[in-house]
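Engineer: I have a structure I would like to understand better, so I am pasting it below and will then ask my questions one at a time.
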Amino acid sequence: MHRIVESRSCFLSHKIRFASLLLSVFALNLFSLSCTSKPSDLRTLVPAESLIYLETNDLAAAIQPILDSDAFKQAAKTSPDLSALKGVQLAIAVTGFETSEERLTDENSVGRVQPRFVAIADTHAWNWQAGAFAEQNLGAFVADVYRGEPAVERTEKLGGKYFKWTSRDGRKAFALVIDSLIYFGNDETAIEKCVAVKKGEADSIAKTGKLPNRVNGSLASGYVSTDGVAQVAALAGLTFATSSSDDEEVQSAVAGILPRLIRGTITDISWSAMPDQNGYEDKFTLGGAADSAAVMSETFAPTSQVNTELFQFVTNKAPSVTLYNLGKPNIAWRGLLLTARSKVDAFGSAVIGEFSNAFAEPYGVSDAELFLANVGSNILTVRTDAEGDRPALIATVTNAEAVRRSLSAELKPDKAASDASGFEVLKDEDSMAVFAGNVIITGDVDAVTSCLQARSGGTSLGPATVQLFRPANSAATLSFDNEQAAAIADLISEKRNDVAATNTISITETRFTRNGVERSVVSNFGFIGWLAAQLAAE
């Protein structure tokens, strides 16, 4: 049976929309009156076995950079007042995942993944206010999510006011109000575990000693445990497998290999969001296994130079461009493959070896290592369309003959194109490689053509944009988006209909260390905005 797993079942699956939308519900409806209880240590309220943990000690501060951005102001009719959110604390814990399969036809089905989660909010309001909020506002929210008025049960349970909502199709949501705290989730057991932690009957995630220290000035933070990485890896394996091939044997191989590979290289993940003059700076740290982290930090060491001349071939209309800045690209590639093969069994190693060149095929390259051994340290990959179907690669050639041997055998000399452009052109029906002096531009025909036109027509990236690519990183990606601002504005306010698409920009920098991978993302809306955009897409 051909099985399709929803892409939204990846990291922080779409059901986290309960918690994400809770932010906007709070923003619109939280009480203006509050008591003066001191801040809670949210980490002491969450079970030790939580797989994924997110927290913010001030919802207003976490959301404010979105509202302050020029992109939001251009896209939104109004800006919501966050004054009632000041000091409101929120933690979200994913305690497990449930999978189900819905048959579409005799040969096809849809796999759905729902995380079991609980959101804990310390409103610092009086208990009667928190109870009224749970009954009225959360009840209305649940009805909206379930697209119909659910049945509601109200009881005194677990030391507080307990609410249970049941939709017509059997889905359930739960809330518990104790003092100023509101527990809300889709799993009754998860709430019970939180209460046990509060009473001292079970350990909290704070006692595990694994959570990273809070970063001074951070707006929000998060953590994925080793067990969380394992479960997310399994989900990623299923998702990637179904998109990799229609062949069931290939799908089975990918579904088995990818999770082992992820578990063998990543131990945990931490995240913190900091305010930045452009919006947010999100910092992600992927803890790495000692052996693989050591290899990657050496083989992916960056150079101290960025060849800005390559950017003259990058059109300023490209949705994204990535710079790989590696001392020896072929050694980095070889180290990556050897590390990957060491993390799986013999069958998995053989599969990785067999398909290792598949990643280079969209660029018209059949022998990735030979190609990488004969180009410079700086390599650009350009996505020229929103879907990523038309990529191009740009690099300095150090050995033209070797590079020609590394290209697909289907690429043949095209005299007419060569005469027209003044460059050596190799071409087939879908791909093209152009040797422009000591630079090669290769990939999809339309993408390569747009790169050449950018240089000849003066529509390449400007110097100020190119300067965003700093030499201290192994990789850096510049991305542009013209839909996110409107989606976020429509979610938390109301988008304007009389304004053209609003562009946003992000720069992602990646570095390899002996402890793992460090990634920094500076953007207008940050990871918090990304979550909101995913919610809007629902």
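Ordered as shown in the structure tokens, chains take letters A, B, and onward, while each chain numbers its residues from 1 and ligands are numbered from 1 in the order shown.
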Do a neighbour search on Glu201 (chain A) at 12 Å with only C-alpha atoms, toss out local chain neighbours closer than 5 positions, and write the hits as number ranges by chain.

Structural biologist: A: 45, 47-48, 192-196

Engineer: What's around Phe117 (chain A) at 8 Å? Count only C-alpha atoms, leave out sequence neighbours fewer than 2 positions away in its own chain, and write the answer as a ChimeraX atom specification.

Structural biologist: /A:16,92-96,115,119,185-187,190

Engineer: I need the residues in region 42-193 of chain A that are strand (DSSP E) according to DSSP; give them as a PyMOL selection string.

Structural biologist: chain A and resi 52-56+89-103+108-122+151-157+160-166+172-178+181-185

Engineer: Which polymer residues have any atom within 6 Å of an atom of Lys495 (chain A), counting only C-alpha atoms, with same-chain residues fewer than 5 positions away left out, as a list in words?

Structural biologist: Ala75, Ala76, Lys77, Ala486, Ala489 and Asp490 of chain A

Engineer: Could you write out that same residue set with N, CA, C and O atoms as a JSON list (two decimals), in the first residue's frame?

Structural biologist:
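See again-v6.json below for the written result:
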```
[["chain", "number", "residue", "atom", "x", "y", "z"],
["A", 75, "ALA", "N", 1.62, 45.13, 6.22],
["A", 75, "ALA", "CA", 0.65, 44.09, 5.85],
["A", 75, "ALA", "C", -0.62, 44.12, 6.68],
["A", 75, "ALA", "O", -1.66, 43.64, 6.23],
["A", 76, "ALA", "N", -0.56, 44.69, 7.90],
["A", 76, "ALA", "CA", -1.70, 44.63, 8.81],
["A", 76, "ALA", "C", -2.48, 45.94, 8.85],
["A", 76, "ALA", "O", -1.90, 47.03, 8.76],
["A", 77, "LYS", "N", -3.79, 45.83, 9.01],
["A", 77, "LYS", "CA", -4.63, 47.02, 9.14],
["A", 77, "LYS", "C", -4.45, 47.67, 10.51],
["A", 77, "LYS", "O", -4.43, 48.89, 10.62],
["A", 486, "ALA", "N", 1.73, 38.76, 5.27],
["A", 486, "ALA", "CA", 0.27, 38.79, 5.14],
["A", 486, "ALA", "C", -0.38, 37.68, 5.95],
["A", 486, "ALA", "O", -1.43, 37.88, 6.57],
["A", 489, "ALA", "N", -0.20, 38.68, 9.64],
["A", 489, "ALA", "CA", -1.12, 39.79, 9.87],
["A", 489, "ALA", "C", -2.56, 39.31, 9.91],
["A", 489, "ALA", "O", -3.36, 39.74, 10.75],
["A", 490, "ASP", "N", -2.90, 38.39, 9.04],
["A", 490, "ASP", "CA", -4.26, 37.87, 8.98],
["A", 490, "ASP", "C", -4.59, 37.03, 10.21],
["A", 490, "ASP", "O", -5.74, 36.94, 10.62]]
```

Engineer: Find the residues near Phe311 (chain A): any atom within 8 Å, counting only C-alpha atoms, skip ones fewer than 3 places away on the same chain, and give them as a list in words.

Structural biologist: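 That gives Thr308, Val314, Ser460, Leu461 and Val466 of chain A.
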
Engineer: Could you list, as a PyMOL selection string, every residue within 10 Å of region 425-435 of chain A, counting only C-alpha atoms and ignoring same-chain residues fewer than 2 positions away?

Structural biologist: chain A and resi 361-365+390-397+400+404+407-423+437-449+452

Engineer: Keeping C-alpha atoms for every residue in the selection just given, could you write it to a file as a compact mmCIF listing (two decimals), in the first residue's frame?

Structural biologist:
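This is the output file again_1.txt:
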```
# COMPACT_ATOMS: atom_id res chain seq x y z
CA GLU A 361 21.83 15.35 -10.11
CA PRO A 362 19.56 18.46 -10.13
CA TYR A 363 22.72 20.44 -10.94
CA GLY A 364 23.68 18.23 -13.88
CA VAL A 365 26.51 16.61 -11.89
CA ARG A 390 14.74 25.10 -10.85
CA PRO A 391 18.09 25.17 -9.02
CA ALA A 392 21.49 26.35 -10.16
CA LEU A 393 25.03 25.98 -8.81
CA ILE A 394 27.85 28.52 -9.24
CA ALA A 395 31.52 27.88 -8.47
CA THR A 396 35.05 28.80 -9.51
CA VAL A 397 36.67 26.11 -11.65
CA ALA A 400 38.05 22.49 -16.18
CA ARG A 404 33.64 18.33 -17.43
CA LEU A 407 29.05 16.37 -15.32
CA SER A 408 26.19 14.27 -16.61
CA ALA A 409 26.97 12.38 -19.81
CA GLU A 410 23.69 13.72 -21.19
CA LEU A 411 25.12 17.24 -21.37
CA LYS A 412 26.44 17.83 -24.89
CA PRO A 413 28.14 20.87 -26.49
CA ASP A 414 25.60 23.34 -27.85
CA LYS A 415 27.31 25.40 -30.56
CA ALA A 416 24.41 27.77 -31.14
CA ALA A 417 24.08 28.60 -27.45
CA SER A 418 27.85 28.95 -27.14
CA ASP A 419 28.03 31.37 -30.09
CA ALA A 420 25.14 33.41 -28.72
CA SER A 421 26.53 33.73 -25.19
CA GLY A 422 30.24 33.78 -25.92
CA PHE A 423 30.75 31.01 -23.35
CA GLY A 437 35.71 32.10 -17.91
CA ASN A 438 36.84 30.40 -14.70
CA VAL A 439 33.29 30.12 -13.35
CA ILE A 440 30.80 27.30 -13.95
CA ILE A 441 27.05 27.81 -13.72
CA THR A 442 25.19 24.52 -13.91
CA GLY A 443 21.72 23.20 -13.18
CA ASP A 444 18.21 23.62 -14.58
CA VAL A 445 18.14 25.30 -18.01
CA ASP A 446 15.85 28.13 -16.91
CA ALA A 447 17.80 28.67 -13.68
CA VAL A 448 21.18 28.88 -15.43
CA THR A 449 19.69 31.21 -18.02
CA LEU A 452 23.48 34.61 -16.98
```

Engineer: Set the distance at 12 Å and use only C-alpha atoms: which residues neighbour Val522 (chain A) once local chain neighbours fewer than 4 positions away are removed? I'd like the list as a compact mmCIF listing (two decimals) with all heavy atoms, in the first residue's frame.

Structural biologist:
```txt
# COMPACT_ATOMS: atom_id res chain seq x y z
N ALA A 273 15.40 32.54 21.41
CA ALA A 273 15.05 33.67 20.54
C ALA A 273 15.48 34.96 21.22
O ALA A 273 15.11 35.22 22.37
CB ALA A 273 13.55 33.69 20.26
N MET A 274 16.26 35.76 20.52
CA MET A 274 16.75 37.03 21.03
C MET A 274 16.20 38.17 20.17
O MET A 274 15.99 38.00 18.96
CB MET A 274 18.28 37.07 21.01
CG MET A 274 18.95 35.95 21.77
SD MET A 274 18.74 36.11 23.55
CE MET A 274 19.73 37.58 23.86
N PRO A 275 15.98 39.34 20.76
CA PRO A 275 15.57 40.49 19.93
C PRO A 275 16.74 40.96 19.08
O PRO A 275 17.90 40.90 19.49
CB PRO A 275 15.17 41.55 20.97
CG PRO A 275 15.95 41.19 22.19
CD PRO A 275 16.07 39.69 22.19
N ASP A 276 16.43 41.41 17.88
CA ASP A 276 17.44 41.90 16.95
C ASP A 276 16.89 43.15 16.27
O ASP A 276 15.67 43.32 16.16
CB ASP A 276 17.77 40.82 15.91
CG ASP A 276 18.82 41.24 14.90
OD1 ASP A 276 20.01 41.10 15.21
OD2 ASP A 276 18.45 41.71 13.82
N GLN A 277 17.78 44.00 15.79
CA GLN A 277 17.31 45.22 15.14
C GLN A 277 16.45 44.94 13.91
O GLN A 277 15.64 45.78 13.50
CB GLN A 277 18.50 46.09 14.73
CG GLN A 277 19.44 45.43 13.73
CD GLN A 277 20.60 46.32 13.36
OE1 GLN A 277 20.68 47.46 13.79
NE2 GLN A 277 21.51 45.81 12.53
N ASN A 278 16.60 43.76 13.33
CA ASN A 278 15.79 43.38 12.19
C ASN A 278 14.57 42.55 12.58
O ASN A 278 13.79 42.15 11.72
CB ASN A 278 16.63 42.59 11.19
CG ASN A 278 17.73 43.42 10.58
OD1 ASN A 278 17.48 44.50 10.06
ND2 ASN A 278 18.97 42.95 10.68
N GLY A 279 14.44 42.23 13.87
CA GLY A 279 13.32 41.42 14.33
C GLY A 279 13.76 40.45 15.41
O GLY A 279 13.75 40.75 16.59
N TYR A 280 14.20 39.25 14.97
CA TYR A 280 14.61 38.20 15.88
C TYR A 280 15.96 37.62 15.44
O TYR A 280 16.28 37.59 14.24
CB TYR A 280 13.62 37.04 15.89
CG TYR A 280 12.25 37.35 16.45
CD1 TYR A 280 11.26 37.87 15.63
CD2 TYR A 280 11.94 37.08 17.78
CE1 TYR A 280 9.98 38.13 16.12
CE2 TYR A 280 10.66 37.33 18.28
CZ TYR A 280 9.70 37.86 17.45
OH TYR A 280 8.44 38.10 17.94
N GLU A 281 16.69 37.12 16.41
CA GLU A 281 17.80 36.23 16.13
C GLU A 281 17.54 34.93 16.86
O GLU A 281 17.54 34.88 18.10
CB GLU A 281 19.15 36.80 16.57
CG GLU A 281 20.30 35.84 16.24
CD GLU A 281 21.66 36.34 16.67
OE1 GLU A 281 21.71 37.35 17.41
OE2 GLU A 281 22.67 35.72 16.29
N ASP A 282 17.27 33.87 16.10
CA ASP A 282 17.03 32.55 16.67
C ASP A 282 18.32 31.77 16.64
O ASP A 282 18.97 31.65 15.59
CB ASP A 282 15.95 31.82 15.88
CG ASP A 282 14.58 32.45 16.05
OD1 ASP A 282 14.05 32.41 17.16
OD2 ASP A 282 14.05 33.00 15.06
N LYS A 283 18.70 31.21 17.78
CA LYS A 283 19.91 30.41 17.86
C LYS A 283 19.54 28.96 18.17
O LYS A 283 18.88 28.68 19.17
CB LYS A 283 20.85 30.96 18.93
CG LYS A 283 21.37 32.36 18.62
CD LYS A 283 22.34 32.84 19.69
CE LYS A 283 22.90 34.21 19.34
NZ LYS A 283 23.85 34.70 20.36
N PHE A 284 19.96 28.06 17.29
CA PHE A 284 19.71 26.64 17.46
C PHE A 284 21.05 25.93 17.68
O PHE A 284 22.02 26.19 16.96
CB PHE A 284 19.03 26.05 16.23
CG PHE A 284 17.70 26.64 15.90
CD1 PHE A 284 17.59 27.77 15.11
CD2 PHE A 284 16.53 26.08 16.40
CE1 PHE A 284 16.36 28.33 14.80
CE2 PHE A 284 15.29 26.63 16.10
CZ PHE A 284 15.21 27.76 15.30
N LEU A 468 26.13 40.45 3.55
CA LEU A 468 25.51 39.66 4.60
C LEU A 468 26.17 38.29 4.74
O LEU A 468 26.03 37.63 5.77
CB LEU A 468 24.01 39.48 4.32
CG LEU A 468 23.16 40.76 4.37
CD1 LEU A 468 21.75 40.46 3.92
CD2 LEU A 468 23.17 41.35 5.77
N ALA A 476 25.81 29.61 4.66
CA ALA A 476 24.91 30.72 4.97
C ALA A 476 23.87 30.79 3.87
O ALA A 476 24.19 30.68 2.68
CB ALA A 476 25.67 32.04 5.07
N THR A 477 22.61 30.96 4.27
CA THR A 477 21.51 31.02 3.32
C THR A 477 20.74 32.32 3.49
O THR A 477 20.33 32.68 4.60
CB THR A 477 20.54 29.84 3.51
OG1 THR A 477 21.22 28.62 3.28
CG2 THR A 477 19.35 29.95 2.56
N LEU A 478 20.56 33.03 2.40
CA LEU A 478 19.75 34.25 2.37
C LEU A 478 18.43 33.90 1.70
O LEU A 478 18.41 33.38 0.58
CB LEU A 478 20.48 35.34 1.59
CG LEU A 478 19.77 36.69 1.47
CD1 LEU A 478 19.71 37.38 2.83
CD2 LEU A 478 20.50 37.59 0.46
N SER A 479 17.33 34.18 2.38
CA SER A 479 16.00 33.83 1.86
C SER A 479 15.09 35.04 1.84
O SER A 479 15.15 35.90 2.73
CB SER A 479 15.36 32.73 2.72
OG SER A 479 16.14 31.56 2.73
N THR A 504 9.92 39.90 3.11
CA THR A 504 10.68 39.70 4.34
C THR A 504 11.97 38.99 3.97
O THR A 504 12.07 38.35 2.92
CB THR A 504 9.91 38.87 5.37
OG1 THR A 504 9.58 37.59 4.80
CG2 THR A 504 8.64 39.58 5.80
N ILE A 505 12.96 39.10 4.85
CA ILE A 505 14.28 38.56 4.55
C ILE A 505 14.81 37.83 5.78
O ILE A 505 14.50 38.20 6.92
CB ILE A 505 15.24 39.68 4.13
CG1 ILE A 505 16.61 39.12 3.73
CG2 ILE A 505 15.40 40.70 5.24
CD1 ILE A 505 17.54 40.16 3.14
N SER A 506 15.57 36.78 5.55
CA SER A 506 16.23 36.08 6.65
C SER A 506 17.61 35.62 6.19
O SER A 506 17.81 35.33 5.01
CB SER A 506 15.40 34.87 7.11
OG SER A 506 15.36 33.87 6.10
N ILE A 507 18.54 35.57 7.12
CA ILE A 507 19.88 35.06 6.85
C ILE A 507 20.17 33.98 7.89
O ILE A 507 20.04 34.22 9.09
CB ILE A 507 20.95 36.18 6.89
CG1 ILE A 507 22.34 35.62 6.58
CG2 ILE A 507 20.92 36.93 8.19
CD1 ILE A 507 22.57 35.31 5.12
N THR A 508 20.52 32.79 7.41
CA THR A 508 20.80 31.65 8.27
C THR A 508 22.27 31.29 8.17
O THR A 508 22.77 31.04 7.06
CB THR A 508 19.95 30.43 7.88
OG1 THR A 508 18.56 30.77 7.96
CG2 THR A 508 20.23 29.24 8.79
N GLU A 509 22.97 31.26 9.29
CA GLU A 509 24.39 30.94 9.32
C GLU A 509 24.61 29.64 10.09
O GLU A 509 24.04 29.44 11.16
CB GLU A 509 25.18 32.07 9.99
CG GLU A 509 25.04 33.41 9.26
CD GLU A 509 25.76 34.53 9.97
OE1 GLU A 509 25.86 34.49 11.22
OE2 GLU A 509 26.24 35.46 9.28
N THR A 510 25.44 28.77 9.52
CA THR A 510 25.69 27.45 10.12
C THR A 510 27.17 27.25 10.37
O THR A 510 27.99 27.49 9.48
CB THR A 510 25.16 26.33 9.21
OG1 THR A 510 23.77 26.53 8.96
CG2 THR A 510 25.36 24.97 9.85
N GLY A 526 11.11 35.67 12.92
CA GLY A 526 11.68 34.64 13.77
C GLY A 526 10.95 33.31 13.71
O GLY A 526 10.01 33.10 12.95
N PHE A 527 11.41 32.39 14.57
CA PHE A 527 10.80 31.07 14.66
C PHE A 527 9.36 31.19 15.19
O PHE A 527 8.48 30.43 14.80
CB PHE A 527 11.64 30.18 15.58
CG PHE A 527 11.14 28.77 15.72
CD1 PHE A 527 11.00 27.96 14.60
CD2 PHE A 527 10.81 28.26 16.95
CE1 PHE A 527 10.54 26.66 14.72
CE2 PHE A 527 10.35 26.96 17.09
CZ PHE A 527 10.21 26.15 15.97
```

Engineer: Please list as an mmCIF file with N, CA, C and O atoms, in the first residue's frame every residue within 8 Å of Asp367 (chain A), counting only C-alpha atoms and excluding residues in the same chain fewer than 5 positions away.

Structural biologist:
```
data_model
loop_
_atom_site.group_PDB
_atom_site.id
_atom_site.type_symbol
_atom_site.label_atom_id
_atom_site.label_comp_id
_atom_site.auth_asym_id
_atom_site.auth_seq_id
_atom_site.Cartn_x
_atom_site.Cartn_y
_atom_site.Cartn_z
ATOM 1 N N ASN A 357 25.273 10.292 -5.075
ATOM 2 C CA ASN A 357 25.355 11.299 -6.141
ATOM 3 C C ASN A 357 23.997 11.874 -6.529
ATOM 4 O O ASN A 357 23.926 12.807 -7.327
ATOM 5 N N ALA A 360 23.385 15.604 -6.249
ATOM 6 C CA ALA A 360 24.006 16.510 -7.212
ATOM 7 C C ALA A 360 23.320 16.483 -8.573
ATOM 8 O O ALA A 360 23.583 17.342 -9.422
ATOM 9 N N SER A 406 33.004 15.288 -14.532
ATOM 10 C CA SER A 406 32.079 15.066 -13.419
ATOM 11 C C SER A 406 30.624 15.339 -13.787
ATOM 12 O O SER A 406 29.717 14.925 -13.080
ATOM 13 N N LEU A 407 30.411 16.011 -14.919
ATOM 14 C CA LEU A 407 29.049 16.369 -15.320
ATOM 15 C C LEU A 407 28.320 15.187 -15.935
ATOM 16 O O LEU A 407 28.926 14.195 -16.343
#
```

Engineer: Taking into account only C-alpha atoms, which residue in the set A:Thr381, A:Gln305, A:Gln74, A:Ser225 is nearest to Tyr53 (chain A)?

Structural biologist: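 Using only C-alpha atoms, Tyr53 (chain A) sits closest to A:Ser225.
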
Engineer: If you run DSSP on the backbone here, which positions in region 334-381 of chain A get alpha helix (DSSP H)? Please write them as a list of chain:residue names.

Structural biologist: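 Answer for region 334-381 of chain A restricted to alpha helix (DSSP H) is A:Arg334, A:Gly335, A:Leu336, A:Leu337, A:Leu338, A:Thr339, A:Ala340, A:Arg341, A:Ser342, A:Ala346, A:Phe347, A:Gly348, A:Ser349, A:Ala350, A:Val351, A:Ile352, A:Gly353, A:Glu354, A:Phe355, A:Ala368, A:Glu369, A:Leu370, A:Phe371, A:Leu372.
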
Engineer: Enter the distance from CA of Lys86 (chain A) to CA of Asp58 (chain A), in Å, rounded to one decimal.

Structural biologist: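 These atoms are spaced 5.9 Å apart.
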
Engineer: What does the distance between CA of Glu188 (chain A) and CA of Leu235 (chain A) come to in Å, to one decimal place?

Structural biologist: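 Distance reported for this atom pair: 23.1 Å.
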
Engineer: Looking at A:Leu372, A:Asn378, A:Leu238, A:Phe174, which one is nearest to Ala402 (chain A), with distances taken over only C-alpha atoms?

Structural biologist: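 Smallest separation from Ala402 (chain A) among the options: A:Leu372.
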
Engineer: Using CA of Glu248 (chain A) and CA of Asp227 (chain A) as the two end points, give the distance in Å to one decimal.

Structural biologist: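 So the two atoms, CA of Glu248 (chain A) and CA of Asp227 (chain A), lie 27.6 Å apart.
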
Engineer: Nearest to Ser493 (chain A): which of A:Pro80, A:Pro463, A:Gly209, A:Pro259 is it, counting only C-alpha atoms?

Structural biologist: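 Result for the nearest residue to Ser493 (chain A): A:Pro80.
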